[in-house]
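**Q** What follows is a structure written as C-alpha cells; I'll ask about it next.
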Amino acid sequence: MRIGRGVAGRHSGTGSISAPTLDAAASLVALTGSNAVTTLGSINVGTLTLDDEAAALTIAGPFNVTDASLTDTGSLDIASAVSAIGSLGLAASNIGINASLDATILSLDAGSGTIANAGSGYVNATTLDAAASLVALTGSNAITTVGSINVGNFTLDDNAPLTIAGPFNATSASLTDTSGGGLDIAGQVSLASLLALSATSGSITSSGTGSISAPTLDAAASLVALTGSNVITTLGSINVGTFTLDDNAPLTIAGSLVAQRAAISAADLTIPGVILVDGALSLATSGTISETGTIDPTLLQIAGARDVLLTGSNTIDALGSVSVPLGNLALVDQVPLTVNGPVYALNISLDSPAMYIPGAINTPGTLGLGYGPISGNGPITAATLTSNSAVIGDVALTGTENVIGTLGGFDAAGHLFALTDATALTVAGPVSAKALTITATGQITLDGADGGSFSIGGQFLPTYVYNGLSPRNGIDSVLQVIANGAPANGIVQTGQFNIDTGPLQGQPNTLFMLLPDGADAKFNDLNARSTDLAISLINGYAQGTLYLHYLLVAGGLNGQTAFVGQIAGLAGSAAAHNGKVVPVPGSSYRFNSCIIGSVSCTVLPVAIVPERNPLDDFDISPRRRRKLDANVRLPGVAAKDY
C-alpha cells in the first residue's frame with residue numbers, strides 16, 4: 001500500500017490498514033487504528049504515527065521523517081537506515097536495531113522485552129529514553145544524553161561524550177565511552193545491583209545534582225570524580241588515574257582499586273580488598289575504617305574517623321595528616337614507614353619494620369610503637385609511650401619538643417634506646433635495652449609501685465675511676481635531667497624499682513644519673529645489685545635506699561648524700577668502702593652513715609707534702625755546726641756503755 005507524496009494520510013475510528021508493505025510520502029501520516037502492517041518500505045514523512053498489531057514489523061526503508069511514533073504489539077526490526085530530524089518513538093515487544101538509527105530525541109520502549117543492536121546497527125541520538133527488561137546497545141553508537149531509563153539490564157557503548165540526565169533506573173548497567181569525551185552523571189542514577197562505568201581515555205564525573213545509588217560500582221577511566229550525594233555500598237574493580245568518591249553510605253572496598261591518586265569519603269569504610277595507589281590515598285569518614293586486605297599507597301591521609309584499624313598486609317610508604325578525633329588509630333605496615341604527620345587519635349599504635357618520625361604525633365592516651373628500628377626528631381605528645389612488642393632495632397626518639405608523660409613497657413632488648421622529653425617523665429617500665437639514654441626536663445620519676453624496672457646490658461665502670469668520667473657510648477645507660485628554670489627535683493623513685501632482676505639478672509651494667517646543679521635525688525628502694533651507679537650530684541642532695549654493685553658520686557662542695565642499703569653485697573659500715581666521691585671525698589657524702597670511700601667508717605689521714613724542703617731552714621755549715629755542738633749537752637753515758 002502506498003500513501004502519495006504531499007497527501008496528509010489519516011484514518012481513525014474503526015479504519016485500519018492490513019498490508020504486507022507500506023510506503024508513504026506525506027507531511028503527516030497518522031495511522032492509529034487496528035493496523036496490521038508487516039513492512040515499512042520507503043517512508044518520507046513529516047510526522048508519522050503508526051499503531052500496528054502485526055506479529056512483527058520490519059523497517060526496510062529508507063525511513064526519513066521529521067517526527068515519528070511507531071507502536072507495534074509484536075516485535076520491531078530495524079533493517080534499514082532510520083532518520084528522524086526531531087523525535088522518534090519506537091514501542092514494540094522487542095526492538096532489534098540492525099541498521100543506523102538517527103534521531104534528535106529517541107524513545108525506545110520494549111516493555112518486558114529487549115532492545116538490542118547487532119551487526120552494523122547503531123544509534124545516533126542527542127537524547128535516548130528507554131524502557132525494557134534488557135537494553136544492549138553495543139555498536140558504534142553516538143548518544144549525547146541518556147534521559148529517562150527504566151530497564152532491567154542496560155548496556156551502552158557510546159562513541160560520543162555522554163551525559164546521564166536521568167532519571168536512570170536499572171537492575172544493572174554498563175556504560176562505556178569510547179570517544180574520550182567522558183561520562184557526566186547529571187541526574188539520579190539508581191541501580192539494584194552493579195553499575196559499571198568506563199571511559200578509558202576520558203573522565204567520569206558527576207555535576208549538579210548528579211548522584212549514584214548502587215550496591216556495587218566498577219569504574220575504569222583516566223579520572224573519576226563522583227562528588228554528589230552518592231549511596232554506594234561496594235567498590236568492585238576500579239582502575240583509574242585519579243579517583244574521587246563522596247559516599248553517604250557505609251562503603252566496602254571489596255575488589256581491586258588501582259589509581260594514581262585516590263580520595264574516598266564514606267559513612268564507614270571496610271576494606272577487605274586491595275587498594276594500590278602510586279601517589280596519595282585520602283580516606284575520610286565520620287564512622288570507622290577497618291581493613292583486613294591490602295593498602296599500598298605512597299602516602300596515606302585520614303580525616304575525621306572515629307576508629308581506624310588498618311591491620312592487613314599493608315605496604316604504606318608514608319603516613320601524612322591523620323585525624324581520628326573520637327577514636328583509636330592502629331596501623332600495621334610491612335614496609336619502612338615515614339610518619340610525616342600530623343597524626344592525632346585518642347590512642348595510637350604503629351608497627352613497621354623501620355619507622356622514621358619527622359612529623360608530629362599527638363595523643364592524649366597511649367602511643368604504641370612496634371617492629372623497629374624506630375627513629376625521628378618529630379614532636380611526640382603522648383600520655384604514655386610503650387612498645388607493642390619486642391622492637392627489633394635501635395630506638396632514637398630525640399626530638400627536643402617531645403611531651404611524654406609516662407614511659408611504659410618498652411622492649412628493645414639487645415638494642416639501644418634513646419628518648420628525649422621536654423617535660424617531666426615517669427618511667428613505669430619495664431624497659432629493656434642494650435643501653436638506654438633517657439633525658440627529661442624537670443624531673444624523672446622511677447615508678448616502682450607496679451613493678452617498674454630496667455633490663456639493661458653493658459659493663460661495670462673501669463677499675464680505676466678517674467675524674468671527668470663520662471658515659472661510654474653504646475655501653476652505659478644514662479638518665480639525665482635538664483633544668484627547666486624552676487628548682488629541679490631531679491630523680492625521684494617510688495616503690496621498689498628493679499634493674500636487671502628479670503631475664504638479665506646479674507648482668508653487669510653501668511647507669512649514669514646526670515642532674516643539674518642543685519637538683520635532688522630521692523630513692524625509695526633501688527634494687528640494682530649488678531649495677532655500677534654513677535650519679536652527678538654536684539651541689540644537690542641525694543638520699544634513700546640503694547642496693548648496688550658500686551657507687552660513684554660526682555659532687556661539689558655543697559653536695560650531700562644520705563644513702564642506706566648495700567654495695568657489692570656488703571651492708572653496714574663496710575658498704576661505704578665500695579664507693580667513691582670525685583673530685584675529692586667529703587664528710588657530707590655518706591652511705592650507711594659512713595663517709596663514702598672510707599674503710600669500715602674510718603678515714604685514713606692524708607700526708608700533706610710540703611711545698612719546699614724543710615731542711616732549707618737550717619744552717620748546717622762547719623762553722624755553725626761547731627757552735628751547735630758546744631751547746632749540746634752530751635748524755636751521761638760512760639765509755640764502758642759502748
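Lettering and numbering for the C-alpha cells are positional, with chains as A, B, ... in the shown order, residues counted from 1 in each chain, and ligands counted from 1 in the shown order.
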Go through region 439-517 of chain A and collect every residue that DSSP, computed from the backbone, puts in strand (DSSP E or B); the answer should be as a PyMOL selection string.
**A** chain A and resi 439-441+443-448+453-456+477-482+490-495+497-499+509-514
**Q** Can you tell me which residues surround region 19-21 of chain A at a distance of at most 6 Å, considering only C-alpha atoms, apart from same-chain residues fewer than 4 positions away, and format the answer as a short mmCIF file (atom, residue, chain, number, x, y, z; two decimals) with N, CA and C atoms, in the first residue's frame?
**A**
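Generated output (out.cif):
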```cif
data_model
loop_
_atom_site.label_atom_id
_atom_site.label_comp_id
_atom_site.auth_asym_id
_atom_site.auth_seq_id
_atom_site.Cartn_x
_atom_site.Cartn_y
_atom_site.Cartn_z
N VAL A 37 0.46 -4.04 9.59
CA VAL A 37 1.45 -3.79 8.55
C VAL A 37 2.70 -4.59 8.90
N THR A 38 3.18 -5.34 7.95
CA THR A 38 4.33 -6.21 8.20
C THR A 38 5.64 -5.50 7.93
N THR A 39 5.67 -4.65 6.90
CA THR A 39 6.92 -4.00 6.49
C THR A 39 6.67 -2.54 6.17
N LEU A 40 7.55 -1.71 6.68
CA LEU A 40 7.56 -0.32 6.25
C LEU A 40 8.65 -0.18 5.20
#
```
**Q** Given the choices A:Tyr371, A:Phe243, A:Tyr547, A:Phe497, which gets closest to Ser389 (chain A) if the distance is worked out from only C-alpha atoms?
**A**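 Closest candidate: A:Tyr371.
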**Q** So that I can check the surroundings of region 473-488 of chain A, please list as a list in words every protein, DNA and RNA residue that reaches within 7 Å of it, counting only C-alpha atoms and ignoring chain neighbours fewer than 5 positions away.
**A**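 Once the adjacent positions are removed, what remains is Leu416, Ala435, Leu436, Thr437, Ile438, Thr439, Ala440, Thr441, Gly442, Gln443, Ile444, Gly458, Gln459, Asn509, Thr510, Leu511, Phe512, Met513, Leu514, Leu515, Pro516 and Ala519 of chain A.
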**Q** Restricted to N, CA and C atoms, what would the selected residues look like written as a PDB file, in the first residue's frame?
**A**
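As a result, out.pdb now contains:
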```
ATOM      1  N   LEU A 416      69.797  -0.307  71.330  1.00  0.00           N
ATOM      2  CA  LEU A 416      69.900   0.960  72.041  1.00  0.00           C
ATOM      3  C   LEU A 416      68.549   1.657  72.078  1.00  0.00           C
ATOM      4  N   ALA A 435      71.392  -0.653  76.006  1.00  0.00           N
ATOM      5  CA  ALA A 435      71.722   0.528  76.810  1.00  0.00           C
ATOM      6  C   ALA A 435      70.658   1.571  76.520  1.00  0.00           C
ATOM      7  N   LEU A 436      70.308   2.349  77.530  1.00  0.00           N
ATOM      8  CA  LEU A 436      69.264   3.350  77.348  1.00  0.00           C
ATOM      9  C   LEU A 436      69.774   4.726  77.725  1.00  0.00           C
ATOM     10  N   THR A 437      69.251   5.727  77.036  1.00  0.00           N
ATOM     11  CA  THR A 437      69.542   7.128  77.346  1.00  0.00           C
ATOM     12  C   THR A 437      68.215   7.862  77.412  1.00  0.00           C
ATOM     13  N   ILE A 438      67.849   8.303  78.590  1.00  0.00           N
ATOM     14  CA  ILE A 438      66.580   8.993  78.798  1.00  0.00           C
ATOM     15  C   ILE A 438      66.877  10.382  79.341  1.00  0.00           C
ATOM     16  N   THR A 439      66.396  11.386  78.614  1.00  0.00           N
ATOM     17  CA  THR A 439      66.584  12.776  79.025  1.00  0.00           C
ATOM     18  C   THR A 439      65.224  13.412  79.233  1.00  0.00           C
ATOM     19  N   ALA A 440      65.017  14.032  80.380  1.00  0.00           N
ATOM     20  CA  ALA A 440      63.745  14.683  80.682  1.00  0.00           C
ATOM     21  C   ALA A 440      64.014  16.045  81.301  1.00  0.00           C
ATOM     22  N   THR A 441      63.013  16.888  81.243  1.00  0.00           N
ATOM     23  CA  THR A 441      63.137  18.254  81.758  1.00  0.00           C
ATOM     24  C   THR A 441      62.372  18.381  83.068  1.00  0.00           C
ATOM     25  N   GLY A 442      63.064  18.749  84.129  1.00  0.00           N
ATOM     26  CA  GLY A 442      62.394  18.989  85.403  1.00  0.00           C
ATOM     27  C   GLY A 442      62.516  17.849  86.371  1.00  0.00           C
ATOM     28  N   GLN A 443      62.173  16.631  85.938  1.00  0.00           N
ATOM     29  CA  GLN A 443      62.208  15.507  86.880  1.00  0.00           C
ATOM     30  C   GLN A 443      62.033  14.199  86.130  1.00  0.00           C
ATOM     31  N   ILE A 444      62.707  13.168  86.618  1.00  0.00           N
ATOM     32  CA  ILE A 444      62.454  11.790  86.199  1.00  0.00           C
ATOM     33  C   ILE A 444      61.987  11.026  87.421  1.00  0.00           C
ATOM     34  N   GLY A 458      75.560  -3.974  79.296  1.00  0.00           N
ATOM     35  CA  GLY A 458      76.668  -3.057  79.458  1.00  0.00           C
ATOM     36  C   GLY A 458      77.846  -3.678  80.167  1.00  0.00           C
ATOM     37  N   GLN A 459      78.631  -2.844  80.841  1.00  0.00           N
ATOM     38  CA  GLN A 459      79.822  -3.258  81.568  1.00  0.00           C
ATOM     39  C   GLN A 459      79.904  -2.468  82.867  1.00  0.00           C
ATOM     40  N   ASN A 509      76.312  -3.859  84.387  1.00  0.00           N
ATOM     41  CA  ASN A 509      75.886  -2.663  83.672  1.00  0.00           C
ATOM     42  C   ASN A 509      76.243  -1.441  84.500  1.00  0.00           C
ATOM     43  N   THR A 510      76.315  -0.314  83.803  1.00  0.00           N
ATOM     44  CA  THR A 510      76.573   0.957  84.471  1.00  0.00           C
ATOM     45  C   THR A 510      75.461   1.937  84.116  1.00  0.00           C
ATOM     46  N   LEU A 511      74.926   2.604  85.134  1.00  0.00           N
ATOM     47  CA  LEU A 511      73.867   3.585  84.941  1.00  0.00           C
ATOM     48  C   LEU A 511      74.349   4.937  85.450  1.00  0.00           C
ATOM     49  N   PHE A 512      74.368   5.922  84.550  1.00  0.00           N
ATOM     50  CA  PHE A 512      74.710   7.288  84.921  1.00  0.00           C
ATOM     51  C   PHE A 512      73.422   8.063  85.202  1.00  0.00           C
ATOM     52  N   MET A 513      73.409   8.815  86.280  1.00  0.00           N
ATOM     53  CA  MET A 513      72.327   9.748  86.571  1.00  0.00           C
ATOM     54  C   MET A 513      72.931  11.148  86.593  1.00  0.00           C
ATOM     55  N   LEU A 514      72.580  11.952  85.609  1.00  0.00           N
ATOM     56  CA  LEU A 514      73.159  13.280  85.446  1.00  0.00           C
ATOM     57  C   LEU A 514      72.112  14.320  85.821  1.00  0.00           C
ATOM     58  N   LEU A 515      72.387  15.079  86.872  1.00  0.00           N
ATOM     59  CA  LEU A 515      71.420  16.042  87.394  1.00  0.00           C
ATOM     60  C   LEU A 515      71.955  17.460  87.233  1.00  0.00           C
ATOM     61  N   PRO A 516      71.061  18.423  87.074  1.00  0.00           N
ATOM     62  CA  PRO A 516      71.517  19.819  87.041  1.00  0.00           C
ATOM     63  C   PRO A 516      71.980  20.255  88.424  1.00  0.00           C
ATOM     64  N   ALA A 519      69.963  20.102  91.929  1.00  0.00           N
ATOM     65  CA  ALA A 519      68.816  19.191  91.899  1.00  0.00           C
ATOM     66  C   ALA A 519      69.020  18.071  92.908  1.00  0.00           C
TER      67      ALA A 519
END
```
**Q** Counting only C-alpha atoms, which of A:Pro161, A:Pro353, A:Gly365, A:Gly121 gets nearest to Pro325 (chain A)?
**A**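 Of all the options, A:Gly365 lies closest to Pro325 (chain A).
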**Q** Could you pull out the alpha helix (DSSP H) residues of region 398-632 of chain A, going by DSSP on the backbone, and write them as number ranges by chain?
**A** A: 622-630
**Q** Emit the selected residues as a PDB file, in the first residue's frame, including N, CA and C atoms.
**A**
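What follows is the written file part_26.pdb:
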```pdb
ATOM      1  N   PRO A 622     130.072  23.937 108.642  1.00  0.00           N
ATOM      2  CA  PRO A 622     131.006  23.555 109.752  1.00  0.00           C
ATOM      3  C   PRO A 622     131.067  24.597 110.831  1.00  0.00           C
ATOM      4  N   ARG A 623     131.116  25.880 110.461  1.00  0.00           N
ATOM      5  CA  ARG A 623     131.186  26.921 111.479  1.00  0.00           C
ATOM      6  C   ARG A 623     129.977  26.873 112.378  1.00  0.00           C
ATOM      7  N   ARG A 624     128.829  26.756 111.750  1.00  0.00           N
ATOM      8  CA  ARG A 624     127.579  26.724 112.526  1.00  0.00           C
ATOM      9  C   ARG A 624     127.460  25.444 113.322  1.00  0.00           C
ATOM     10  N   ARG A 625     128.048  24.345 112.794  1.00  0.00           N
ATOM     11  CA  ARG A 625     127.925  23.054 113.471  1.00  0.00           C
ATOM     12  C   ARG A 625     128.743  23.047 114.766  1.00  0.00           C
ATOM     13  N   ARG A 626     129.966  23.799 114.756  1.00  0.00           N
ATOM     14  CA  ARG A 626     130.775  23.844 115.982  1.00  0.00           C
ATOM     15  C   ARG A 626     130.035  24.560 117.095  1.00  0.00           C
ATOM     16  N   LYS A 627     129.340  25.652 116.741  1.00  0.00           N
ATOM     17  CA  LYS A 627     128.549  26.366 117.742  1.00  0.00           C
ATOM     18  C   LYS A 627     127.416  25.509 118.263  1.00  0.00           C
ATOM     19  N   LEU A 628     126.807  24.767 117.391  1.00  0.00           N
ATOM     20  CA  LEU A 628     125.724  23.891 117.821  1.00  0.00           C
ATOM     21  C   LEU A 628     126.242  22.799 118.755  1.00  0.00           C
ATOM     22  N   ASP A 629     127.418  22.293 118.432  1.00  0.00           N
ATOM     23  CA  ASP A 629     127.951  21.205 119.251  1.00  0.00           C
ATOM     24  C   ASP A 629     128.264  21.679 120.669  1.00  0.00           C
ATOM     25  N   ALA A 630     128.756  22.950 120.781  1.00  0.00           N
ATOM     26  CA  ALA A 630     129.099  23.468 122.104  1.00  0.00           C
ATOM     27  C   ALA A 630     127.868  23.614 122.976  1.00  0.00           C
TER      28      ALA A 630
END
```
**Q** Set the distance at 8 Å and use only C-alpha atoms: which residues neighbour region 286-299 of chain A once local chain neighbours fewer than 5 positions away are removed? I'd like the list as a PDB file with C-alpha atoms, in the first residue's frame.
**A**
```pdb
ATOM      1  CA  ALA A 266      32.008   7.440  53.247  1.00  0.00           C
ATOM      2  CA  ALA A 267      29.851   6.942  56.305  1.00  0.00           C
ATOM      3  CA  ASP A 268      32.039   3.926  57.190  1.00  0.00           C
ATOM      4  CA  LEU A 269      34.874   2.214  55.337  1.00  0.00           C
ATOM      5  CA  THR A 270      35.558  -1.517  55.329  1.00  0.00           C
ATOM      6  CA  ILE A 271      38.495  -2.702  53.245  1.00  0.00           C
ATOM      7  CA  PRO A 272      38.798  -6.457  52.709  1.00  0.00           C
ATOM      8  CA  GLY A 273      40.078  -5.844  49.173  1.00  0.00           C
ATOM      9  CA  VAL A 274      43.174  -4.266  47.664  1.00  0.00           C
ATOM     10  CA  ILE A 275      43.984  -0.557  47.218  1.00  0.00           C
ATOM     11  CA  LEU A 276      47.011   0.171  45.033  1.00  0.00           C
ATOM     12  CA  VAL A 277      47.780   3.891  44.730  1.00  0.00           C
ATOM     13  CA  ASP A 278      51.013   5.246  43.300  1.00  0.00           C
ATOM     14  CA  GLY A 279      50.502   8.638  44.946  1.00  0.00           C
ATOM     15  CA  ALA A 280      48.359   9.833  47.827  1.00  0.00           C
ATOM     16  CA  LEU A 281      45.391   7.925  49.250  1.00  0.00           C
ATOM     17  CA  GLY A 304      37.502  12.613  60.733  1.00  0.00           C
ATOM     18  CA  ALA A 305      37.294   8.933  61.579  1.00  0.00           C
ATOM     19  CA  ARG A 306      36.012   7.504  64.845  1.00  0.00           C
ATOM     20  CA  ASP A 307      38.286   4.430  64.831  1.00  0.00           C
ATOM     21  CA  VAL A 308      40.897   3.353  62.286  1.00  0.00           C
ATOM     22  CA  LEU A 309      42.100  -0.251  62.314  1.00  0.00           C
ATOM     23  CA  LEU A 310      44.446  -0.981  59.403  1.00  0.00           C
ATOM     24  CA  THR A 311      45.742  -4.434  60.270  1.00  0.00           C
ATOM     25  CA  GLY A 312      46.024  -6.133  56.867  1.00  0.00           C
ATOM     26  CA  SER A 313      49.047  -6.726  54.644  1.00  0.00           C
ATOM     27  CA  ASN A 314      49.786  -3.061  54.106  1.00  0.00           C
ATOM     28  CA  THR A 315      52.714  -1.524  52.254  1.00  0.00           C
ATOM     29  CA  ILE A 316      52.401   2.175  53.093  1.00  0.00           C
ATOM     30  CA  ASP A 317      55.446   4.335  52.463  1.00  0.00           C
ATOM     31  CA  ALA A 318      54.379   7.437  54.388  1.00  0.00           C
ATOM     32  CA  LEU A 319      51.686   8.498  56.832  1.00  0.00           C
ATOM     33  CA  GLY A 320      50.524  12.051  56.255  1.00  0.00           C
TER      34      GLY A 320
END
```
**Q** Using only C-alpha atoms, which residues sit within 8 Å of Leu162 (chain A) once same-chain residues fewer than 5 positions away are excluded, as a list in words?
**A**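 Final neighbour list, sorted by chain and number: Ile143, Thr144, Thr145, Val146, Asp177, Gly181, Gly182, Leu183 and Asp184 of chain A.
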**Q** To one decimal place, how far is CA of Leu548 (chain A) from CA of Gly565 (chain A) in Å?
**A** 8.3 Å
**Q** For a quick check of understanding, using only C-alpha atoms, which of A:Leu446, A:Ala568, A:Ile185, A:Leu106 has the smallest distance to Lys522 (chain A)?
**A**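 Nearest to Lys522 (chain A): A:Leu446.
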**Q** Compile the contact shell of Val564 (chain A) as JSON, numbers by chain: residues with an atom at most 10 Å away, counting only C-alpha atoms, same-chain residues fewer than 4 positions apart removed.
**A** {"A": [523, 525, 543, 544, 545, 546, 547, 571, 572, 573, 575, 576, 590, 591, 592, 593, 594]}
**Q** With C-alpha atoms retained, could you export that selection as a PDB file, in the first residue's frame?
**A**
```pdb
ATOM      1  CA  PHE A 523      65.394   6.770  96.188  1.00  0.00           C
ATOM      2  CA  ASP A 525      64.255   1.082  97.140  1.00  0.00           C
ATOM      3  CA  GLN A 543      69.059  10.190  99.832  1.00  0.00           C
ATOM      4  CA  GLY A 544      67.325   6.851 100.036  1.00  0.00           C
ATOM      5  CA  THR A 545      67.843   3.110  99.905  1.00  0.00           C
ATOM      6  CA  LEU A 546      70.189   1.628  97.296  1.00  0.00           C
ATOM      7  CA  TYR A 547      71.328  -1.924  96.545  1.00  0.00           C
ATOM      8  CA  ALA A 571      75.781  -3.840 104.465  1.00  0.00           C
ATOM      9  CA  GLY A 572      76.563  -1.607 107.405  1.00  0.00           C
ATOM     10  CA  SER A 573      79.773   0.395 107.678  1.00  0.00           C
ATOM     11  CA  ALA A 575      79.413  -0.840 102.309  1.00  0.00           C
ATOM     12  CA  ALA A 576      80.817   2.695 102.020  1.00  0.00           C
ATOM     13  CA  ARG A 590      77.733   9.212 103.316  1.00  0.00           C
ATOM     14  CA  PHE A 591      76.459   5.684 102.858  1.00  0.00           C
ATOM     15  CA  ASN A 592      75.059   3.910 105.917  1.00  0.00           C
ATOM     16  CA  SER A 593      76.264   6.975 107.877  1.00  0.00           C
ATOM     17  CA  CYS A 594      79.851   6.331 106.766  1.00  0.00           C
TER      18      CYS A 594
END
```
**Q** Looking at A:Asp411, A:Val224, A:Gly152, A:Val45, which one is nearest to Ser190 (chain A), with distances taken over only C-alpha atoms?
**A**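 Of A:Asp411, A:Val224, A:Gly152, A:Val45, the one nearest Ser190 (chain A) is A:Gly152, counting only C-alpha atoms.
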**Q** Quick one: residues within 8 Å of region 395-397 of chain A, only C-alpha atoms counted, chain neighbours fewer than 5 positions away excluded, as a tab-separated table (two decimals) with C-alpha atoms, in the first residue's frame?
**A**
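This went into out.tsv:
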```tsv
chain	number	residue	atom	x	y	z
A	372	GLY	CA	61.80	-1.23	64.56
A	373	PRO	CA	64.28	0.28	64.21
A	374	ILE	CA	62.47	3.49	65.22
A	375	SER	CA	63.89	7.00	64.98
A	376	GLY	CA	62.89	10.60	64.48
A	377	ASN	CA	63.01	14.08	65.92
A	412	ALA	CA	64.15	-3.02	72.89
A	415	HIS	CA	69.32	-2.65	71.08
A	416	LEU	CA	69.90	0.96	72.04
A	417	PHE	CA	67.04	3.07	73.37
A	418	ALA	CA	67.12	6.88	73.45
A	419	LEU	CA	64.29	9.20	74.47
A	420	THR	CA	64.31	12.96	74.92
```
**Q** Would you mind reading off the distance between CA of Leu245 (chain A) and CA of Gly210 (chain A), one decimal, in Å?
**A**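 The value is 12.7 Å.
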**Q** Using only C-alpha atoms for the distances, tell me which of A:Ala262, A:Leu226, A:Cys601, A:Ala542 is nearest to Val240 (chain A).
**A**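 Counting only C-alpha atoms, the residue closest to Val240 (chain A) is A:Ala262.
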**Q** Quick one: pull the distance between CA of Ile380 (chain A) and CA of Thr363 (chain A), Å, one decimal.
**A**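 Atom-to-atom, CA of Ile380 (chain A) to CA of Thr363 (chain A), that is 8.4 Å.
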